[in-house]
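The data block below is final-v8.txt; it holds compact mmCIF, C-alpha atoms and all ligand atoms.
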```txt
# COMPACT_ATOMS: atom_id res chain seq x y z
CA MET I 1 -105.21 123.23 48.70
CA ASN I 2 -105.05 127.03 48.90
CA TYR I 3 -102.42 129.13 47.17
CA THR I 4 -101.40 132.75 47.11
CA PHE I 5 -99.85 133.90 43.84
CA HIS I 6 -96.78 136.12 43.95
CA SER I 7 -95.61 138.20 41.03
CA LYS I 8 -92.00 137.38 40.01
CA THR I 9 -90.76 139.99 37.60
CA SER I 10 -87.05 139.13 37.69
CA CYS I 11 -84.83 136.07 37.63
CA ASN I 12 -83.98 134.77 41.09
CA MET I 13 -80.49 133.68 40.02
CA CYS I 14 -79.13 136.45 37.76
CA GLY I 15 -81.55 139.28 38.56
CA ALA I 16 -82.48 140.03 34.94
CA SER I 17 -86.06 141.01 34.14
CA GLU I 18 -85.93 140.02 30.46
CA ARG I 19 -87.71 136.72 29.88
CA ARG I 20 -89.81 134.82 27.38
CA VAL I 21 -93.09 133.02 28.03
CA LEU I 22 -92.70 129.27 27.37
CA GLY I 23 -96.32 128.33 28.10
CA ARG I 24 -98.66 127.27 30.87
CA ARG I 25 -98.47 124.62 33.57
CA LEU I 26 -101.52 123.05 35.21
CA ASN I 27 -101.81 122.22 38.90
CA THR I 28 -102.15 118.51 38.02
CA PRO I 29 -100.26 116.14 35.74
CA GLN I 30 -101.31 117.24 32.25
CA GLY I 31 -101.57 113.86 30.56
CA LEU I 32 -101.66 113.74 26.79
CA ARG I 33 -104.84 115.83 26.43
CA PRO I 34 -104.44 118.78 28.81
CA LYS I 35 -107.25 120.73 27.16
CA LYS I 36 -109.65 118.19 28.67
CA ARG I 37 -108.34 118.64 32.21
CA LEU I 38 -109.81 120.82 34.93
CA GLY I 39 -107.53 122.98 36.98
CA ILE I 40 -105.72 126.26 37.37
CA ALA I 41 -102.55 127.12 35.50
CA THR I 42 -99.57 129.40 36.02
CA THR I 43 -97.29 130.89 33.37
CA VAL I 44 -93.86 129.36 32.80
CA VAL I 45 -91.09 131.71 31.64
CA ARG I 46 -87.40 131.42 30.70
CA CYS I 47 -84.89 134.08 31.75
CA SER I 48 -83.43 135.57 28.56
CA VAL I 49 -80.05 136.15 30.21
CA CYS I 50 -79.19 132.94 32.14
CA GLY I 51 -81.88 130.50 30.97
CA LEU I 52 -83.46 129.84 34.41
CA ILE I 53 -87.01 128.50 34.03
CA TYR I 54 -89.49 129.77 36.63
CA SER I 55 -93.14 130.65 37.02
CA ASP I 56 -94.73 134.09 37.16
CA PRO I 57 -96.84 134.28 39.21
CA LEU I 58 -95.23 131.95 41.73
CA PRO I 59 -97.84 129.92 43.64
CA ILE I 60 -97.12 129.49 47.36
CA PRO I 61 -99.34 127.10 49.37
CA GLN I 62 -100.92 128.63 52.47
CA ASP I 63 -99.71 125.64 54.44
CA ILE I 64 -96.32 124.30 53.32
CA SER I 65 -97.24 120.87 54.73
CA ASP I 66 -99.79 120.63 51.89
CA HIS I 67 -96.72 119.98 49.73
CA TYR I 68 -94.20 118.40 52.06
CA GLY I 69 -96.08 117.09 55.11
CA LYS I 70 -96.62 113.71 53.51
CA GLN I 71 -95.23 110.35 54.52
CA PRO I 72 -92.02 109.55 52.59
CA GLU I 73 -93.79 106.60 50.93
CA GLU I 74 -96.47 108.98 49.58
CA TYR I 75 -94.05 111.57 48.28
CA TRP I 76 -91.43 109.34 46.71
CA LEU I 77 -91.79 106.61 44.19
CA ASN I 78 -90.69 103.16 45.33
CA HIS I 79 -87.32 103.27 43.59
CA TYR I 80 -86.25 106.03 45.98
CA PHE I 81 -86.03 103.47 48.77
CA GLU I 82 -83.91 101.11 46.72
CA ARG I 83 -80.86 103.27 46.16
CA LYS I 84 -77.66 101.54 45.29
CA MET I 85 -74.91 101.71 47.87
CA ASP I 86 -72.70 103.59 45.39
CA PHE I 87 -75.29 106.24 44.44
CA PHE I 88 -73.25 109.16 45.81
CA ASP I 89 -69.73 107.85 45.05
CA LEU I 90 -69.16 109.98 41.95
CA GLN I 91 -70.18 113.13 43.80
CA LEU I 92 -67.87 112.21 46.72
CA ASP I 93 -64.98 111.80 44.24
CA ARG I 94 -65.65 115.25 42.81
CA ILE I 95 -65.91 116.78 46.29
CA LYS I 96 -62.60 115.16 47.30
CA GLN I 97 -60.93 116.46 44.12
CA LEU I 98 -62.05 120.01 44.84
CA ALA I 99 -61.57 119.94 48.62
CA PRO I 100 -59.04 117.17 49.39
CA ASP I 101 -59.02 117.74 53.14
CA ALA I 102 -62.82 117.89 53.50
CA LYS I 103 -64.06 116.19 56.69
CA THR I 104 -67.30 117.87 57.69
CA ALA I 105 -70.46 117.95 55.60
CA LEU I 106 -73.93 119.41 55.89
CA ASP I 107 -76.73 117.91 53.79
CA ILE I 108 -79.56 120.37 53.24
CA GLY I 109 -82.94 118.71 52.81
CA ALA I 110 -81.54 115.44 54.13
CA GLY I 111 -84.76 113.53 53.37
CA ILE I 112 -84.55 110.02 54.77
CA GLY I 113 -80.79 110.28 55.25
CA PHE I 114 -79.24 108.44 52.27
CA THR I 115 -76.76 111.19 51.43
CA MET I 116 -75.76 111.57 55.09
CA GLN I 117 -75.12 107.81 55.20
CA ALA I 118 -72.91 108.13 52.10
CA PHE I 119 -70.94 110.96 53.69
CA MET I 120 -70.53 108.93 56.89
CA ARG I 121 -69.34 105.85 54.97
CA ALA I 122 -66.73 108.06 53.32
CA GLY I 123 -65.46 109.14 56.76
CA PHE I 124 -67.14 112.55 56.96
CA ASP I 125 -68.56 114.07 60.09
CA ALA I 126 -72.04 114.44 58.56
CA TYR I 127 -74.86 116.72 59.64
CA GLY I 128 -78.21 117.36 58.01
CA ILE I 129 -81.27 119.54 58.17
CA GLU I 130 -84.70 118.23 57.25
CA ALA I 131 -87.96 120.11 57.81
CA GLY I 132 -90.40 117.27 57.10
CA GLU I 133 -91.43 115.49 60.31
CA HIS I 134 -92.01 112.12 58.65
CA PHE I 135 -88.78 112.22 56.64
CA HIS I 136 -86.82 113.21 59.74
CA ARG I 137 -88.29 110.34 61.75
CA TYR I 138 -87.64 107.84 58.94
CA ALA I 139 -83.99 108.94 58.77
CA VAL I 140 -83.51 108.43 62.51
CA GLU I 141 -85.63 105.32 63.09
CA LYS I 142 -85.10 103.34 59.90
CA ASN I 143 -81.83 104.60 58.44
CA GLY I 144 -79.80 104.92 61.63
CA ILE I 145 -79.02 108.63 61.40
CA PRO I 146 -78.03 109.85 64.89
CA GLU I 147 -80.73 112.19 66.17
CA ASN I 148 -78.18 114.80 67.25
CA ARG I 149 -76.86 115.03 63.68
CA ILE I 150 -80.09 115.76 61.79
CA PHE I 151 -81.88 118.95 62.74
CA ARG I 152 -85.59 119.31 62.13
CA THR I 153 -85.76 122.80 60.71
CA MET I 154 -86.34 124.77 57.54
CA LEU I 155 -83.21 126.15 55.89
CA GLU I 156 -84.58 129.64 56.48
CA ASP I 157 -84.56 129.06 60.25
CA ALA I 158 -81.27 127.13 60.46
CA ASN I 159 -78.17 128.72 61.93
CA PHE I 160 -74.57 127.54 62.12
CA PRO I 161 -71.42 129.52 62.90
CA GLU I 162 -69.59 131.06 59.91
CA GLY I 163 -67.13 128.68 58.26
CA THR I 164 -68.33 125.45 59.92
CA PHE I 165 -68.40 122.97 57.04
CA ASP I 166 -66.00 121.72 54.33
CA CYS I 167 -68.93 120.68 52.16
CA VAL I 168 -72.56 121.75 51.94
CA SER I 169 -74.79 119.58 49.75
CA PHE I 170 -78.07 120.49 48.05
CA GLY I 171 -79.25 117.24 46.41
CA ALA I 172 -82.64 117.81 44.72
CA VAL I 173 -83.44 120.73 47.02
CA LEU I 174 -82.79 124.08 45.37
CA GLU I 175 -85.57 123.58 42.80
CA HIS I 176 -88.10 123.38 45.67
CA LEU I 177 -87.08 126.61 47.42
CA TYR I 178 -88.75 129.96 46.78
CA ASP I 179 -85.43 131.79 46.94
CA PRO I 180 -82.53 129.57 45.78
CA SER I 181 -80.16 132.54 45.54
CA GLN I 182 -80.72 133.35 49.22
CA ALA I 183 -80.22 129.67 50.12
CA LEU I 184 -76.86 129.55 48.31
CA SER I 185 -75.79 132.78 49.97
CA LYS I 186 -76.65 131.36 53.41
CA ALA I 187 -74.80 128.09 52.69
CA LEU I 188 -71.78 130.03 51.49
CA GLY I 189 -71.58 131.69 54.91
CA TRP I 190 -71.45 128.27 56.62
CA LEU I 191 -68.71 127.03 54.28
CA LYS I 192 -65.01 127.06 55.16
CA PRO I 193 -62.85 129.18 52.81
CA ASP I 194 -61.59 126.11 50.88
CA GLY I 195 -64.89 124.24 51.05
CA VAL I 196 -67.18 123.16 48.25
CA ILE I 197 -70.94 123.35 47.70
CA HIS I 198 -72.48 120.45 45.80
CA VAL I 199 -75.78 121.15 43.98
CA GLU I 200 -77.98 118.78 41.97
CA VAL I 201 -80.95 120.34 40.19
CA PRO I 202 -83.17 119.73 37.15
CA SER I 203 -81.62 121.07 33.95
CA ALA I 204 -83.50 123.73 31.96
CA LYS I 205 -82.03 122.29 28.75
CA ALA I 206 -83.40 118.76 29.11
CA LEU I 207 -84.14 117.04 25.82
CA MET I 208 -87.10 115.12 27.27
CA SER I 209 -88.91 118.37 28.15
CA LYS I 210 -88.35 119.58 24.59
CA VAL I 211 -89.82 116.34 23.21
CA PHE I 212 -92.96 116.66 25.37
CA ASN I 213 -93.29 120.39 24.65
CA LEU I 214 -93.10 119.65 20.94
CA TYR I 215 -95.94 117.17 21.37
CA PHE I 216 -98.07 119.80 23.16
CA TRP I 217 -97.24 122.34 20.44
CA LEU I 218 -98.27 119.88 17.73
CA ALA I 219 -101.48 119.23 19.69
CA ARG I 220 -102.17 122.98 19.41
CA THR I 221 -101.99 123.76 23.14
CA ASP I 222 -99.75 126.22 24.96
CA TYR I 223 -98.97 123.79 27.79
CA VAL I 224 -95.40 122.86 28.67
CA VAL I 225 -93.93 120.20 30.97
CA ASN I 226 -91.25 122.35 32.56
CA ILE I 227 -91.39 122.69 36.37
CA SER I 228 -94.38 121.62 38.51
CA PRO I 229 -95.18 124.43 40.96
CA MET I 230 -98.52 123.03 42.09
CA HIS I 231 -98.20 119.28 41.88
CA ARG I 232 -95.69 116.63 42.82
CA PRO I 233 -92.68 116.87 42.75
CA TYR I 234 -93.29 120.63 43.24
CA HIS I 235 -90.36 121.93 41.20
CA LEU I 236 -90.29 125.73 41.05
CA TYR I 237 -87.15 126.11 38.96
CA GLU I 238 -84.99 124.51 36.28
CA PHE I 239 -81.40 125.74 36.05
CA THR I 240 -78.52 126.17 33.58
CA PRO I 241 -74.76 126.33 34.28
CA ASP I 242 -75.05 130.01 33.37
CA SER I 243 -77.64 130.53 36.16
CA PHE I 244 -74.92 129.55 38.65
CA GLN I 245 -72.13 131.47 36.92
CA LYS I 246 -74.16 134.67 36.99
CA ASN I 247 -75.54 134.05 40.49
CA GLY I 248 -71.97 133.42 41.72
CA MET I 249 -70.99 136.92 40.62
CA ARG I 250 -73.83 138.36 42.72
CA VAL I 251 -73.46 136.10 45.76
CA GLY I 252 -69.70 135.41 45.85
CA TYR I 253 -68.82 131.96 44.49
CA GLU I 254 -67.29 130.41 41.39
CA VAL I 255 -68.48 127.38 39.45
CA ALA I 256 -65.64 124.85 39.75
CA ARG I 257 -67.22 121.96 37.85
CA VAL I 258 -70.36 121.14 35.86
CA ASP I 259 -71.74 117.63 35.15
CA ILE I 260 -74.88 116.87 33.16
CA ASP I 261 -76.42 113.40 33.44
CA ALA I 262 -79.18 111.79 31.44
CA GLY I 263 -81.24 110.87 34.49
CA GLN I 264 -84.48 109.05 33.88
CA THR I 265 -87.83 110.70 33.51
CA PRO I 266 -90.63 108.81 35.25
CA LEU I 267 -92.96 109.99 32.45
CA ALA I 268 -91.43 107.76 29.80
CA PRO I 269 -88.49 105.65 31.03
CA GLY I 270 -88.27 103.71 27.73
CA LEU I 271 -87.97 106.84 25.63
CA SER I 272 -85.55 108.31 28.13
CA ARG I 273 -83.27 105.23 27.81
CA LEU I 274 -83.50 105.37 24.01
CA LEU I 275 -82.48 109.03 23.93
CA GLY I 276 -79.71 108.58 26.52
CA PRO I 277 -76.85 108.71 23.95
CA VAL I 278 -78.31 111.87 22.34
CA MET I 279 -78.62 113.52 25.75
CA ARG I 280 -75.03 112.64 26.60
CA ALA I 281 -73.75 113.93 23.23
CA THR I 282 -75.63 117.22 23.47
CA ASP I 283 -75.47 117.92 27.23
CA SER I 284 -79.27 117.78 27.29
CA GLY I 285 -79.71 115.32 30.17
CA GLU I 286 -82.10 116.04 32.98
CA VAL I 287 -79.80 116.35 35.97
CA LEU I 288 -77.43 119.29 36.29
CA THR I 289 -74.75 118.96 38.98
CA VAL I 290 -72.52 121.91 39.85
CA TYR I 291 -69.71 122.27 42.36
CA LEU I 292 -69.17 125.76 43.75
CA LYS I 293 -66.15 127.26 45.50
CA LYS I 294 -66.00 130.51 47.42
CA GLY I 295 -65.00 133.51 45.32
CA LEU I 296 -61.51 134.94 45.69
CA ASP I 297 -62.45 138.42 46.94
ZN ZN W 301 -81.46 134.69 34.86
```
Can the structure in the file be given as C-alpha cells, please?
Amino acid sequence: MNYTFHSKTSCNMCGASERRVLGRRLNTPQGLRPKKRLGIATTVVRCSVCGLIYSDPLPIPQDISDHYGKQPEEYWLNHYFERKMDFFDLQLDRIKQLAPDAKTALDIGAGIGFTMQAFMRAGFDAYGIEAGEHFHRYAVEKNGIPENRIFRTMLEDANFPEGTFDCVSFGAVLEHLYDPSQALSKALGWLKPDGVIHVEVPSAKALMSKVFNLYFWLARTDYVVNISPMHRPYHLYEFTPDSFQKNGMRVGYEVARVDIDAGQTPLAPGLSRLLGPVMRATDSGEVLTVYLKKGLD
C-alpha cells in the first residue's frame, strides 16, 4: 500500500493550531509489544482548544480502494451482520424529538443499508450514498434497499438541491473522512431549515484508550492507541462535544444534544464490560453521538 503524507498544522474542526503530541501510531495493530513490530508510524496529536485527536502528517492512500474496496465480510467483523432490529431506535427517538415532522432522511456512508432500513421501518423516505462497490451491491441485493434510493458516489461528488432532507445521518463515517468540517458544511446545505443532522463518532475522551495508553507508557514506549490512520478501521479522527460546538460556530450549526455511550472495544470486550459503569459515570465511553440543528442566523 502506498501513501502520501500531508502536513496538518491546524485542527480540522475548530481551526486552532495549538496542539500537543500524544504519541505515535503504527500502520499495523500494535499488539502488546509494539517495539518489536515492523512498520511506519505517524504522529498523533490532540487539539489544545477543542480536544480533537488527529494525525500530523495525515497519511492518504494513493488508491482509496486500498482502504475501502474490500468485501463487506473482509472489512467488518461478523457481529456487524447480526444487528438487532432495534439498533437505531434510540437515535430515531432523538431525531423525532428534535424534528417532529421529519419524513425524509439521507444516510451518508450507507454501508450495507442497515440504517436506511431502520429509517424506512420508521416511515421515512430514506436515501443513502455509499461509495464502496461491494457494500452498495450488498445493500441492494441482500438487504432489499431499492437501487434508486442508494447512490454509488463519494460524499465529495454527491449533489442534492438545497434544503432537501429533514435528517442527514453520519453513522461511523466522519472519522474516516479527510475533511469532516467540509462534510458537515455540505450536509448542512442539504438540510431543511428545521432539520437535524445525526452524527456518531469515536470519542476522544474514551477511558479504554487511556487504559491502553497507560500500558504503553508503563512499557516505556511512546505509542498510543488513538485513531488508526493506516490500518483497519482507518479512523483519522476522534472527537469531543467541544469539537462540534466550535465547528458549529464556523460552519453554521448548533449542538442540540450530546449522548456518550460505553460501546464495546473489540480489543478487550471483557475489560470494556467491566469498566462500563465507570465509563457511564464519567462520560468516558467510546461512542459520541451528537445531534446538530441549523444555526439561527
Ligand atoms: Zn480543535
Just how far from atom CA of Gly263 of chain I is atom CA of Ser169 of chain I, in Å to one decimal?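 These two atoms are separated by 18.7 Å.
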At a cut-off of 9 Å and counting only C-alpha atoms and all ligand atoms, what residues surround ligand ZN 301 (chain W)? Please answer as a list in words.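 Going residue by residue within 9 Å of ligand ZN 301 (chain W), we get Ser10, Cys11, Asn12, Met13, Cys14, Gly15, Ala16, Ser17, Glu18, Arg19, Arg46, Cys47, Ser48, Val49, Cys50, Gly51, Leu52, Ile53, Asp242, Ser243, Lys246 and Asn247 of chain I.
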What are the nearest atom pairs, with distances in Å to one decimal, for all residues of segment 179-233 of chain I that come at most 12 Å from segment 108-123 of chain I, using all atoms listed in the file, set out by chain and rising residue number as a Markdown table?
```
| residue | atom | partner | partner_atom | distance |
| --- | --- | --- | --- | --- |
| I:Ala183 | CA | I:Ile108 | CA | 9.8 |
| I:Leu184 | CA | I:Ile108 | CA | 10.8 |
| I:Lys186 | CA | I:Ile108 | CA | 11.4 |
| I:Ala187 | CA | I:Ile108 | CA | 9.1 |
| I:Trp190 | CA | I:Ile108 | CA | 11.8 |
| I:Ile197 | CA | I:Ile108 | CA | 10.7 |
| I:His198 | CA | I:Ile108 | CA | 10.3 |
| I:Val199 | CA | I:Ile108 | CA | 10.0 |
| I:Glu200 | CA | I:Ile108 | CA | 11.5 |
```
Asp107 of chain I proximity check over I:Asp125, I:Asp261, I:Glu238, I:Asp93, using all atoms listed in the file: winner is I:Asp125
Between atom CA of Thr104 of chain I and atom CA of Thr164 of chain I, measure the distance and give it in Å to one decimal.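 Going from atom CA of Thr104 of chain I over to atom CA of Thr164 of chain I covers 8.0 Å.
Here atom CA of Asp166 of chain I stands at a distance of 14.5 Å from atom CA of Tyr253 of chain I.
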Contacts of Leu98 of chain I at 12 Å or less, counting all atoms listed in the file, minus same-chain residues fewer than 3 places along, as a ChimeraX atom specification? /I:91-95,101-102,166-167,194-198,255-257,290-294
Generate a file of the selected residues that holds C-alpha atoms, formatted as an mmCIF file, keeping the file's coordinate frame.
```
data_model
loop_
_atom_site.group_PDB
_atom_site.id
_atom_site.type_symbol
_atom_site.label_atom_id
_atom_site.label_comp_id
_atom_site.auth_asym_id
_atom_site.auth_seq_id
_atom_site.Cartn_x
_atom_site.Cartn_y
_atom_site.Cartn_z
ATOM 1 C CA GLN I 91 -70.180 113.130 43.800
ATOM 2 C CA LEU I 92 -67.870 112.210 46.720
ATOM 3 C CA ASP I 93 -64.980 111.800 44.240
ATOM 4 C CA ARG I 94 -65.650 115.250 42.810
ATOM 5 C CA ILE I 95 -65.910 116.780 46.290
ATOM 6 C CA ASP I 101 -59.020 117.740 53.140
ATOM 7 C CA ALA I 102 -62.820 117.890 53.500
ATOM 8 C CA ASP I 166 -66.000 121.720 54.330
ATOM 9 C CA CYS I 167 -68.930 120.680 52.160
ATOM 10 C CA ASP I 194 -61.590 126.110 50.880
ATOM 11 C CA GLY I 195 -64.890 124.240 51.050
ATOM 12 C CA VAL I 196 -67.180 123.160 48.250
ATOM 13 C CA ILE I 197 -70.940 123.350 47.700
ATOM 14 C CA HIS I 198 -72.480 120.450 45.800
ATOM 15 C CA VAL I 255 -68.480 127.380 39.450
ATOM 16 C CA ALA I 256 -65.640 124.850 39.750
ATOM 17 C CA ARG I 257 -67.220 121.960 37.850
ATOM 18 C CA VAL I 290 -72.520 121.910 39.850
ATOM 19 C CA TYR I 291 -69.710 122.270 42.360
ATOM 20 C CA LEU I 292 -69.170 125.760 43.750
ATOM 21 C CA LYS I 293 -66.150 127.260 45.500
ATOM 22 C CA LYS I 294 -66.000 130.510 47.420
#
```
Kindly indicate which residue among I:Tyr237, I:Tyr68, I:Phe244, I:Phe5 lies nearest to Asp179 of chain I, using only C-alpha atoms for the distances.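 Smallest separation from Asp179 of chain I among the options: I:Tyr237.
Between Asp259 of chain I and the residues I:Pro233, I:Pro202, I:Pro277, I:Gly39, the shortest atom-to-atom distance, using all atoms listed in the file, involves I:Pro202.
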